[in-house]
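Participant: Questions regarding the structure given below will be posed in turn.
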Amino acid sequence: MAIELTWLGHGSWSIALRGADGQHTILVDPFLDDSPAAPVRSGDVAADTILVSHGHFDHIADAAKIAKRTGALVISNFEICEWLTKQGVERTHPHNLGGGSQQKFGRVQLTLAHHSSVLPDGTYGGNPSGFLLWADAKKLYFACDTALFYDMKLVGEEGIDVAVLPIGDQFTMGPADSIRAIKLLTPKVVLPSHYNTWPPIAQDAGRWAERVRQETSAEPRVLSPGEKTQL
Ligand code: NI
Ligand code: MN
């Protein structure tokens with residue numbers, strides 16, 4: 001089967017794909033139980049891998065809970081892996097920016113993100129990241145929480161099939177800067193993320209999609225929380 005991406009609201013995504021050894025489910029930044037936008041609870045999601053981009057609660061809130069229930073491997077930076085280990089998570093794989101590793105589903109690499117990162121209890125969370133995934137002959141880029149930055153051009157040189165970009169503004173780049181990001185990344189498909197969870201990050205995704213179609217060569221796909229798209 002193709003790669004299937006499900007938006008779980010806010011910056012949370014589920015990726016279902018076929019690796020060399022069968023089916024995999026990868027969760028990105030699980031924030032479900034306290035998210036007003038989540039279509040599912042943390043007790044109801046499957047995962048064999050969890051990617052955590054940074055320490056803010058709206059990205060890490062349910063990571064330990066889900067990892068402990070499912071036995072999923074958590075991939076994040078060194079500081080966050082150490083913290084999760086102290087929360088009782090048994091399987092972590094620490095990285096740092098620019099570093100990657102081969103996993104059963106494919107390759108994962110931590111990319112730059114211009115943001116901040118502190119864990120819910122005040123522990124230093126290391127540098128925030130995005131993720132680049134090579135899986136099932138596709139390249140997926142999750143920018144996660146970040147400002148626009150020119151080095152996105154380097155990520156684009158990889159030849160991105162799908163980019164997931166924040167458009168919420170205030171805490172990350174907004175719609176206008178995301179259009180500039182798409183021009184640097186030149187993905188085939190782009191999905192908006194990190195918006196409409198709360199009033200300060202409310203955005204008109206339909207209008208954003210219109211701009212993407214008019215000003216870039218990417219195909220925008222706007223999902224509702226709980227909705228899936230196939231790649
Ligand atoms: Ni954040
Ligand atoms: Mn966030």
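How things are named: the first chain in the structure tokens is A, the next is B, and so on; residues count from 1 in each chain; ligands count from 1 in the order shown.
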Please identify which residues in region 13-184 of chain A DSSP calls strand (DSSP E or B) from the backbone, and express them as JSON, numbers by chain.

Facilitator: {"A": [13, 14, 15, 16, 17, 18, 19, 22, 23, 24, 25, 26, 27, 28, 49, 50, 51, 73, 74, 75, 76, 77, 92, 93, 94, 95, 100, 101, 102, 103, 106, 107, 108, 109, 110, 111, 112, 118, 124, 129, 130, 131, 132, 133, 134, 135, 138, 139, 140, 141, 142, 162, 163, 164, 165, 166]}

Participant: Collect all residues with atoms no farther than 7 Å from ligand 1, counting only C-alpha atoms and all ligand atoms, and output them as an MDAnalysis selection string.

Facilitator: chainID A and resid 54 56 58 115:117 145 171

Participant: Choose the residue, out of A:Glu215, A:Glu210, A:Asp33, A:Asp169, that has the smallest atom-to-atom separation from ligand 2; count only C-alpha atoms and all ligand atoms.

Facilitator: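 Comparing A:Glu215, A:Glu210, A:Asp33, A:Asp169 against ligand 2, the winner is A:Asp169.
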
Participant: Looking at A:Asp136, A:Asp29, A:Glu4, A:Asp62, which one is nearest to ligand 2, with distances taken over only C-alpha atoms and all ligand atoms?

Facilitator: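 Of all the options, A:Asp29 lies closest to ligand 2.
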
Participant: Lys188 (chain A): which residues within 12 Å, counting only C-alpha atoms, same-chain residues fewer than 4 positions away excluded, as a PyMOL selection string?

Facilitator: chain A and resi 138-141+156+159-164+182-183+212-213+216-221+231

Participant: Nearest residue to Phe142 (chain A) out of A:Asn77, A:Ser35, A:Thr111, A:Thr85, using only C-alpha atoms?

Facilitator: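 Using only C-alpha atoms, Phe142 (chain A) sits closest to A:Thr111.
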
Participant: What lies within 7 Å of Cys144 (chain A) using only C-alpha atoms, ignoring chain neighbours under 5 positions off, as a list in words?

Facilitator: Gly11, Ser53, Gly130, Leu165 and Pro166 of chain A

Participant: For the selection you just gave me, I'd like the residues written to a file as an mmCIF file, in the first residue's frame, keeping C-alpha atoms.

Facilitator:
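As written to disk, again.cif reads:
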```cif
data_model
loop_
_atom_site.group_PDB
_atom_site.id
_atom_site.type_symbol
_atom_site.label_atom_id
_atom_site.label_comp_id
_atom_site.auth_asym_id
_atom_site.auth_seq_id
_atom_site.Cartn_x
_atom_site.Cartn_y
_atom_site.Cartn_z
ATOM 1 C CA GLY A 11 1.210 19.263 14.984
ATOM 2 C CA SER A 53 10.526 17.385 17.567
ATOM 3 C CA GLY A 130 12.235 18.839 12.122
ATOM 4 C CA LEU A 165 4.557 22.855 7.257
ATOM 5 C CA PRO A 166 3.181 24.946 10.119
#
```

Participant: Residues within 6 Å of region 120-124 of chain A, please, as an mmCIF file with N, CA and C atoms, in the first residue's frame. Count only C-alpha atoms; anything in the same chain fewer than 2 positions from it doesn't count.

Facilitator:
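After the write, out.cif holds the following:
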```cif
data_model
loop_
_atom_site.group_PDB
_atom_site.id
_atom_site.type_symbol
_atom_site.label_atom_id
_atom_site.label_comp_id
_atom_site.auth_asym_id
_atom_site.auth_seq_id
_atom_site.Cartn_x
_atom_site.Cartn_y
_atom_site.Cartn_z
ATOM 1 N N PHE A 57 4.894 21.178 25.495
ATOM 2 C CA PHE A 57 3.824 20.237 25.855
ATOM 3 C C PHE A 57 2.929 19.878 24.684
ATOM 4 N N VAL A 118 11.862 23.547 25.722
ATOM 5 C CA VAL A 118 12.048 23.252 27.141
ATOM 6 C C VAL A 118 10.985 22.221 27.488
ATOM 7 N N GLY A 126 17.167 20.702 24.815
ATOM 8 C CA GLY A 126 18.043 20.625 23.642
ATOM 9 C C GLY A 126 17.512 21.494 22.517
#
```

Participant: Could you jot down the CA of Val190 (chain A) to CA of Gly19 (chain A) separation for me, Å, one decimal place?

Facilitator: 22.7 Å

Participant: Do you know which residues are at most 9 Å from region 43-50 of chain A counting only C-alpha atoms, after dropping those on the same chain fewer than 3 positions away, and could you put them as a list in words?

Facilitator: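 Returned residues: Ser14, His24, Thr25, Ile26, Leu27, Val28, Asp29, Pro30, Asp33, Val40, Ala63, Lys65, Ile66, Ala67, Arg69, Thr70, Gly71, Ala72, Leu73, Val74, Ile75 and Ser76 of chain A.
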
Participant: Would you mind exporting N, CA and C atoms of the selected residues as a PDB file, in the first residue's frame?

Facilitator:
```pdb
ATOM      1  N   SER A  14      -0.010  10.842  12.058  1.00  0.00           N
ATOM      2  CA  SER A  14       0.245   9.407  12.038  1.00  0.00           C
ATOM      3  C   SER A  14       0.602   9.023  10.607  1.00  0.00           C
ATOM      4  N   HIS A  24       4.270  -0.365   9.227  1.00  0.00           N
ATOM      5  CA  HIS A  24       4.730   0.451  10.340  1.00  0.00           C
ATOM      6  C   HIS A  24       3.777   1.610  10.583  1.00  0.00           C
ATOM      7  N   THR A  25       3.686   2.012  11.836  1.00  0.00           N
ATOM      8  CA  THR A  25       2.933   3.217  12.176  1.00  0.00           C
ATOM      9  C   THR A  25       3.847   4.139  12.951  1.00  0.00           C
ATOM     10  N   ILE A  26       4.059   5.328  12.392  1.00  0.00           N
ATOM     11  CA  ILE A  26       4.944   6.317  13.009  1.00  0.00           C
ATOM     12  C   ILE A  26       4.081   7.487  13.460  1.00  0.00           C
ATOM     13  N   LEU A  27       4.224   7.869  14.718  1.00  0.00           N
ATOM     14  CA  LEU A  27       3.506   9.055  15.210  1.00  0.00           C
ATOM     15  C   LEU A  27       4.485  10.211  15.292  1.00  0.00           C
ATOM     16  N   VAL A  28       4.040  11.382  14.864  1.00  0.00           N
ATOM     17  CA  VAL A  28       4.849  12.593  14.987  1.00  0.00           C
ATOM     18  C   VAL A  28       4.201  13.501  16.025  1.00  0.00           C
ATOM     19  N   ASP A  29       4.967  13.899  17.039  1.00  0.00           N
ATOM     20  CA  ASP A  29       4.540  14.872  18.046  1.00  0.00           C
ATOM     21  C   ASP A  29       3.135  14.628  18.617  1.00  0.00           C
ATOM     22  N   PRO A  30       2.933  13.489  19.277  1.00  0.00           N
ATOM     23  CA  PRO A  30       1.583  13.172  19.765  1.00  0.00           C
ATOM     24  C   PRO A  30       1.116  14.085  20.894  1.00  0.00           C
ATOM     25  N   ASP A  33      -4.645  14.001  24.248  1.00  0.00           N
ATOM     26  CA  ASP A  33      -5.617  14.036  25.344  1.00  0.00           C
ATOM     27  C   ASP A  33      -6.012  15.449  25.763  1.00  0.00           C
ATOM     28  N   VAL A  40      -8.759  11.626  18.239  1.00  0.00           N
ATOM     29  CA  VAL A  40      -8.603  10.364  18.988  1.00  0.00           C
ATOM     30  C   VAL A  40      -7.888  10.654  20.314  1.00  0.00           C
ATOM     31  N   ALA A  63       3.621  11.463  24.490  1.00  0.00           N
ATOM     32  CA  ALA A  63       4.664  10.579  23.960  1.00  0.00           C
ATOM     33  C   ALA A  63       5.001   9.440  24.939  1.00  0.00           C
ATOM     34  N   LYS A  65       3.263   8.268  27.520  1.00  0.00           N
ATOM     35  CA  LYS A  65       2.089   7.412  27.728  1.00  0.00           C
ATOM     36  C   LYS A  65       1.957   6.388  26.596  1.00  0.00           C
ATOM     37  N   ILE A  66       2.045   6.873  25.361  1.00  0.00           N
ATOM     38  CA  ILE A  66       1.863   5.990  24.195  1.00  0.00           C
ATOM     39  C   ILE A  66       3.037   5.014  24.071  1.00  0.00           C
ATOM     40  N   ALA A  67       4.250   5.517  24.329  1.00  0.00           N
ATOM     41  CA  ALA A  67       5.434   4.640  24.227  1.00  0.00           C
ATOM     42  C   ALA A  67       5.359   3.515  25.248  1.00  0.00           C
ATOM     43  N   ARG A  69       2.645   2.211  26.623  1.00  0.00           N
ATOM     44  CA  ARG A  69       1.556   1.272  26.296  1.00  0.00           C
ATOM     45  C   ARG A  69       1.902   0.389  25.093  1.00  0.00           C
ATOM     46  N   THR A  70       2.538   0.997  24.063  1.00  0.00           N
ATOM     47  CA  THR A  70       2.762   0.268  22.808  1.00  0.00           C
ATOM     48  C   THR A  70       4.151  -0.351  22.710  1.00  0.00           C
ATOM     49  N   GLY A  71       5.092   0.126  23.525  1.00  0.00           N
ATOM     50  CA  GLY A  71       6.483  -0.322  23.398  1.00  0.00           C
ATOM     51  C   GLY A  71       7.184   0.332  22.219  1.00  0.00           C
ATOM     52  N   ALA A  72       6.607   1.422  21.692  1.00  0.00           N
ATOM     53  CA  ALA A  72       7.192   2.102  20.528  1.00  0.00           C
ATOM     54  C   ALA A  72       8.570   2.677  20.839  1.00  0.00           C
ATOM     55  N   LEU A  73       9.402   2.751  19.805  1.00  0.00           N
ATOM     56  CA  LEU A  73      10.717   3.387  19.904  1.00  0.00           C
ATOM     57  C   LEU A  73      10.538   4.897  19.736  1.00  0.00           C
ATOM     58  N   VAL A  74      11.099   5.680  20.662  1.00  0.00           N
ATOM     59  CA  VAL A  74      11.008   7.135  20.537  1.00  0.00           C
ATOM     60  C   VAL A  74      12.297   7.685  19.936  1.00  0.00           C
ATOM     61  N   ILE A  75      12.162   8.444  18.865  1.00  0.00           N
ATOM     62  CA  ILE A  75      13.301   9.088  18.207  1.00  0.00           C
ATOM     63  C   ILE A  75      13.198  10.582  18.428  1.00  0.00           C
ATOM     64  N   SER A  76      14.253  11.143  19.015  1.00  0.00           N
ATOM     65  CA  SER A  76      14.246  12.570  19.315  1.00  0.00           C
ATOM     66  C   SER A  76      15.688  12.994  19.538  1.00  0.00           C
TER      67      SER A  76
END
```

Participant: Do you know which residues are at most 10 Å from Glu82 (chain A) counting only C-alpha atoms, after dropping those on the same chain fewer than 6 positions away, and could you put them as a list of chain:residue names?

Facilitator: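 Non-adjacent residues within range: A:Ser76, A:Val89, A:Thr92, A:His93, A:Pro94, A:Gly125.
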
Participant: Pick the closest to ligand 2 from A:Trp7, A:Trp208, A:Tyr195, A:Phe131: which is it, counting only C-alpha atoms and all ligand atoms?

Facilitator: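 Using only C-alpha atoms and all ligand atoms, the shortest distance to ligand 2 belongs to A:Tyr195.
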